[in-house]
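Structure first, commentary second.
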Amino acid sequence: MTKKEKPTPNRWYDDACGTALAMELVGERWALLIVRELMFGPRRFGELKASLNGISANVLTQRLEGLARSGILARRKLPPPANVQVFELTEWGYASEKAIQELGRWAVRSPAHDPTLPLSAASLMLSARTMYAGGMSGSVGFRLGPESFVARLTPDAITIKREDPASADFVFEAGPRALAAVIYGGRKLADAEADGSVRITGDRVMAEDYITRFPLPPKMG
């Protein structure tokens, strides 16, 4: 694509509304979830496929190509010794986070929302950035299978990055689904620890406080 050319999304609607264009850009199945998975930095093809339960390699390839044509993500080859191709959001792609967060806040008010269903590590971390109610200070580490994150909290904000959680005030080690069941699904932390699905190291009092900071809004209807 030359500098003068503009990406042309699939035209589903004969409509000038920005909402219609947004649907043309990220409305195909899996497209918005791919954007979600890239919110915490570049990912390899295999990492993306592993985090999106049920997507085929063929569909993932098609969606990545479409998002790249639209300018939402880009391909990049990591330098040696990694020497592999990764996909990462463009600056414009990262700017979609607020829209994704607002859509998530709206959707969880549906009675159909089920926080016990499977979810990826990136999904759990993005939900934390979306639902944080404030009032806490400190750092939280997460070892969620092969992925690690650190959340830094102030009474008014939360930031989360992919990094080694060794220096955090406390660390959760769990599968994303198991930890989400405690934070959003009402499962008792002690029960999750007893069966080994969630493990805590570091400041346990802070850990017990942390899981109360993400209340879901009331359901509609």
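By order of appearance in the structure tokens: chains A, B, ..., then residues from 1 within every chain, and ligands from 1 in the order shown.
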
Excluding segment 93-100 of chain A and any residue of its chain fewer than 5 positions from it, enumerate the residues within 8 Å of it, using only C-alpha atoms, and give them as a ChimeraX atom specification.
-> /A:35-36,39,71-73

Take the residues from that selection and write them out as a PDB file, in the first residue's frame, keeping N, CA and C atoms.
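Okay, this is what ended up in part12.pdb:
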ATOM      1  N   VAL A  35      -7.583  -7.579  18.829  1.00  0.00           N
ATOM      2  CA  VAL A  35      -7.134  -6.265  19.307  1.00  0.00           C
ATOM      3  C   VAL A  35      -6.957  -6.305  20.823  1.00  0.00           C
ATOM      4  N   ARG A  36      -7.906  -6.890  21.529  1.00  0.00           N
ATOM      5  CA  ARG A  36      -7.804  -7.025  22.986  1.00  0.00           C
ATOM      6  C   ARG A  36      -6.528  -7.747  23.386  1.00  0.00           C
ATOM      7  N   MET A  39      -3.326  -5.598  23.456  1.00  0.00           N
ATOM      8  CA  MET A  39      -3.295  -4.375  24.259  1.00  0.00           C
ATOM      9  C   MET A  39      -2.099  -4.301  25.207  1.00  0.00           C
ATOM     10  N   GLY A  71      -4.893  -0.589   9.136  1.00  0.00           N
ATOM     11  CA  GLY A  71      -3.990   0.259   9.897  1.00  0.00           C
ATOM     12  C   GLY A  71      -4.102   0.103  11.403  1.00  0.00           C
ATOM     13  N   ILE A  72      -4.794  -0.956  11.859  1.00  0.00           N
ATOM     14  CA  ILE A  72      -5.003  -1.163  13.293  1.00  0.00           C
ATOM     15  C   ILE A  72      -3.830  -1.894  13.924  1.00  0.00           C
ATOM     16  N   LEU A  73      -3.211  -2.788  13.169  1.00  0.00           N
ATOM     17  CA  LEU A  73      -2.026  -3.478  13.670  1.00  0.00           C
ATOM     18  C   LEU A  73      -0.980  -3.540  12.571  1.00  0.00           C
TER      19      LEU A  73
END

Extract, using only C-alpha atoms, all DNA, RNA and protein residues at most 12 Å from Leu216 of chain A, discarding same-chain residues fewer than 4 positions from it, and format them as a PyMOL selection string.
-> chain A and resi 104-111+113-115+127-128+130-133+180+183-186+211-212+220

Keeping only C-alpha atoms, take the residues you just selected and write them out as a PDB file, in the first residue's frame.
ATOM      1  CA  GLY A 104     -17.281  -4.150  28.234  1.00  0.00           C
ATOM      2  CA  ARG A 105     -18.790  -2.053  31.040  1.00  0.00           C
ATOM      3  CA  TRP A 106     -22.040  -1.905  29.084  1.00  0.00           C
ATOM      4  CA  ALA A 107     -22.111  -5.631  28.255  1.00  0.00           C
ATOM      5  CA  VAL A 108     -21.458  -6.969  31.770  1.00  0.00           C
ATOM      6  CA  ARG A 109     -24.778  -5.480  32.856  1.00  0.00           C
ATOM      7  CA  SER A 110     -26.532  -8.116  30.755  1.00  0.00           C
ATOM      8  CA  PRO A 111     -28.018 -11.054  32.689  1.00  0.00           C
ATOM      9  CA  HIS A 113     -22.827 -12.265  31.273  1.00  0.00           C
ATOM     10  CA  ASP A 114     -21.131 -15.307  32.792  1.00  0.00           C
ATOM     11  CA  PRO A 115     -17.813 -14.552  34.540  1.00  0.00           C
ATOM     12  CA  SER A 127     -10.931  -6.226  32.764  1.00  0.00           C
ATOM     13  CA  ALA A 128      -8.886  -5.061  35.759  1.00  0.00           C
ATOM     14  CA  THR A 130     -11.668  -1.438  33.120  1.00  0.00           C
ATOM     15  CA  MET A 131     -13.375  -2.303  36.413  1.00  0.00           C
ATOM     16  CA  TYR A 132     -10.937  -0.977  39.040  1.00  0.00           C
ATOM     17  CA  ALA A 133     -12.957   0.977  41.594  1.00  0.00           C
ATOM     18  CA  ALA A 180     -11.648 -14.479  37.567  1.00  0.00           C
ATOM     19  CA  ILE A 183     -12.642 -11.663  41.622  1.00  0.00           C
ATOM     20  CA  TYR A 184     -15.878 -11.638  39.605  1.00  0.00           C
ATOM     21  CA  GLY A 185     -17.636 -14.951  40.182  1.00  0.00           C
ATOM     22  CA  GLY A 186     -18.017 -14.846  43.946  1.00  0.00           C
ATOM     23  CA  ILE A 211     -10.061  -8.944  45.024  1.00  0.00           C
ATOM     24  CA  THR A 212     -12.726  -6.583  46.470  1.00  0.00           C
ATOM     25  CA  MET A 220     -30.338  -4.782  33.758  1.00  0.00           C
TER      26      MET A 220
END

Between A:Leu60, A:Val26, A:Leu189, A:Ala194, which is the closest to Arg11 of chain A once you count only C-alpha atoms?
->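 The shortest atom-to-atom distance to Arg11 of chain A comes from A:Val26.
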
Shell of 9 Å around Ala57 of chain A, only C-alpha atoms, local chain residues under 4 positions omitted, as JSON, numbers by chain | {"A": [45, 46, 49, 61, 62]}

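For the residues A:Ile55, A:Ala16, A:Val84, A:Leu117, ranking by smallest atom-to-atom distance to Trp30 of chain A using only C-alpha atoms places A:Ile55 first.
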
Every residue of segment 50-217 of chain A that DSSP places in strand (DSSP E or B), as a PyMOL selection string = chain A and resi 73-77+85-89+138-144+147-153+158-161+170-174+198-202

Saved selection, atoms kept: N, CA and C atoms, as a short mmCIF file (atom, residue, chain, number, x, y, z; two decimals), in the first residue's frame:
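New file selection-v6.cif:
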data_model
loop_
_atom_site.label_atom_id
_atom_site.label_comp_id
_atom_site.auth_asym_id
_atom_site.auth_seq_id
_atom_site.Cartn_x
_atom_site.Cartn_y
_atom_site.Cartn_z
N LEU A 73 -3.21 -2.79 13.17
CA LEU A 73 -2.03 -3.48 13.67
C LEU A 73 -0.98 -3.54 12.57
N ALA A 74 0.22 -3.96 12.95
CA ALA A 74 1.33 -4.08 12.00
C ALA A 74 2.13 -5.32 12.33
N ARG A 75 2.82 -5.85 11.33
CA ARG A 75 3.74 -6.96 11.52
C ARG A 75 5.13 -6.39 11.75
N ARG A 76 5.90 -7.09 12.59
CA ARG A 76 7.28 -6.67 12.83
C ARG A 76 8.11 -7.91 13.13
N LYS A 77 9.33 -7.92 12.64
CA LYS A 77 10.23 -9.04 12.92
C LYS A 77 11.18 -8.64 14.04
N GLN A 85 8.48 -13.27 13.77
CA GLN A 85 7.51 -12.24 13.43
C GLN A 85 6.49 -12.09 14.56
N VAL A 86 6.19 -10.85 14.89
CA VAL A 86 5.14 -10.57 15.87
C VAL A 86 4.15 -9.59 15.26
N PHE A 87 3.00 -9.51 15.91
CA PHE A 87 1.96 -8.57 15.52
C PHE A 87 1.76 -7.60 16.68
N GLU A 88 1.65 -6.33 16.36
CA GLU A 88 1.46 -5.33 17.40
C GLU A 88 0.51 -4.24 16.92
N LEU A 89 -0.18 -3.63 17.85
CA LEU A 89 -1.10 -2.55 17.52
C LEU A 89 -0.33 -1.31 17.10
N GLY A 138 -0.28 0.04 45.88
CA GLY A 138 0.65 -1.07 45.93
C GLY A 138 0.86 -1.69 44.58
N SER A 139 1.58 -2.80 44.56
CA SER A 139 1.85 -3.50 43.30
C SER A 139 1.42 -4.95 43.42
N VAL A 140 0.85 -5.46 42.35
CA VAL A 140 0.31 -6.82 42.32
C VAL A 140 0.97 -7.57 41.17
N GLY A 141 1.49 -8.74 41.42
CA GLY A 141 2.05 -9.56 40.37
C GLY A 141 1.10 -10.68 39.98
N PHE A 142 1.20 -11.09 38.74
CA PHE A 142 0.36 -12.18 38.23
C PHE A 142 1.23 -13.14 37.42
N ARG A 143 1.13 -14.41 37.75
CA ARG A 143 1.68 -15.46 36.90
C ARG A 143 0.48 -16.27 36.43
N LEU A 144 0.09 -16.02 35.21
CA LEU A 144 -1.11 -16.62 34.64
C LEU A 144 -0.69 -17.59 33.55
N GLU A 147 2.16 -16.46 31.04
CA GLU A 147 2.19 -14.99 30.94
C GLU A 147 2.30 -14.36 32.33
N SER A 148 3.10 -13.29 32.41
CA SER A 148 3.31 -12.58 33.67
C SER A 148 3.03 -11.10 33.50
N PHE A 149 2.45 -10.50 34.55
CA PHE A 149 2.08 -9.09 34.54
C PHE A 149 2.34 -8.49 35.91
N VAL A 150 2.45 -7.17 35.94
CA VAL A 150 2.48 -6.43 37.19
C VAL A 150 1.49 -5.28 37.09
N ALA A 151 0.61 -5.18 38.08
CA ALA A 151 -0.33 -4.06 38.19
C ALA A 151 0.15 -3.12 39.30
N ARG A 152 0.18 -1.85 38.99
CA ARG A 152 0.53 -0.84 39.98
C ARG A 152 -0.70 0.01 40.25
N LEU A 153 -1.09 0.07 41.52
CA LEU A 153 -2.33 0.71 41.90
C LEU A 153 -2.09 1.95 42.74
N ILE A 158 -5.00 2.49 37.89
CA ILE A 158 -4.27 1.22 37.83
C ILE A 158 -3.56 1.16 36.48
N THR A 159 -2.30 0.76 36.50
CA THR A 159 -1.55 0.50 35.27
C THR A 159 -1.09 -0.95 35.31
N ILE A 160 -1.09 -1.59 34.16
CA ILE A 160 -0.70 -3.00 34.09
C ILE A 160 0.22 -3.19 32.89
N LYS A 161 1.34 -3.88 33.13
CA LYS A 161 2.29 -4.16 32.07
C LYS A 161 2.75 -5.61 32.15
N PHE A 170 2.66 -8.57 46.33
CA PHE A 170 2.15 -9.94 46.41
C PHE A 170 1.90 -10.43 44.99
N VAL A 171 1.82 -11.75 44.85
CA VAL A 171 1.69 -12.35 43.53
C VAL A 171 0.59 -13.40 43.55
N PHE A 172 -0.28 -13.34 42.54
CA PHE A 172 -1.25 -14.40 42.29
C PHE A 172 -0.66 -15.33 41.25
N GLU A 173 -0.72 -16.62 41.52
CA GLU A 173 -0.34 -17.63 40.53
C GLU A 173 -1.57 -18.49 40.29
N ALA A 174 -2.10 -18.42 39.08
CA ALA A 174 -3.38 -19.08 38.81
C ALA A 174 -3.63 -19.10 37.31
N VAL A 198 -5.60 -21.36 42.90
CA VAL A 198 -5.01 -20.03 43.10
C VAL A 198 -3.97 -20.13 44.21
N ARG A 199 -2.81 -19.54 43.96
CA ARG A 199 -1.75 -19.53 44.96
C ARG A 199 -1.30 -18.09 45.17
N ILE A 200 -1.06 -17.71 46.42
CA ILE A 200 -0.64 -16.35 46.76
C ILE A 200 0.70 -16.39 47.45
N THR A 201 1.61 -15.55 47.03
CA THR A 201 2.86 -15.33 47.75
C THR A 201 2.96 -13.84 48.07
N GLY A 202 3.57 -13.51 49.19
CA GLY A 202 3.69 -12.12 49.59
C GLY A 202 2.59 -11.71 50.55
#
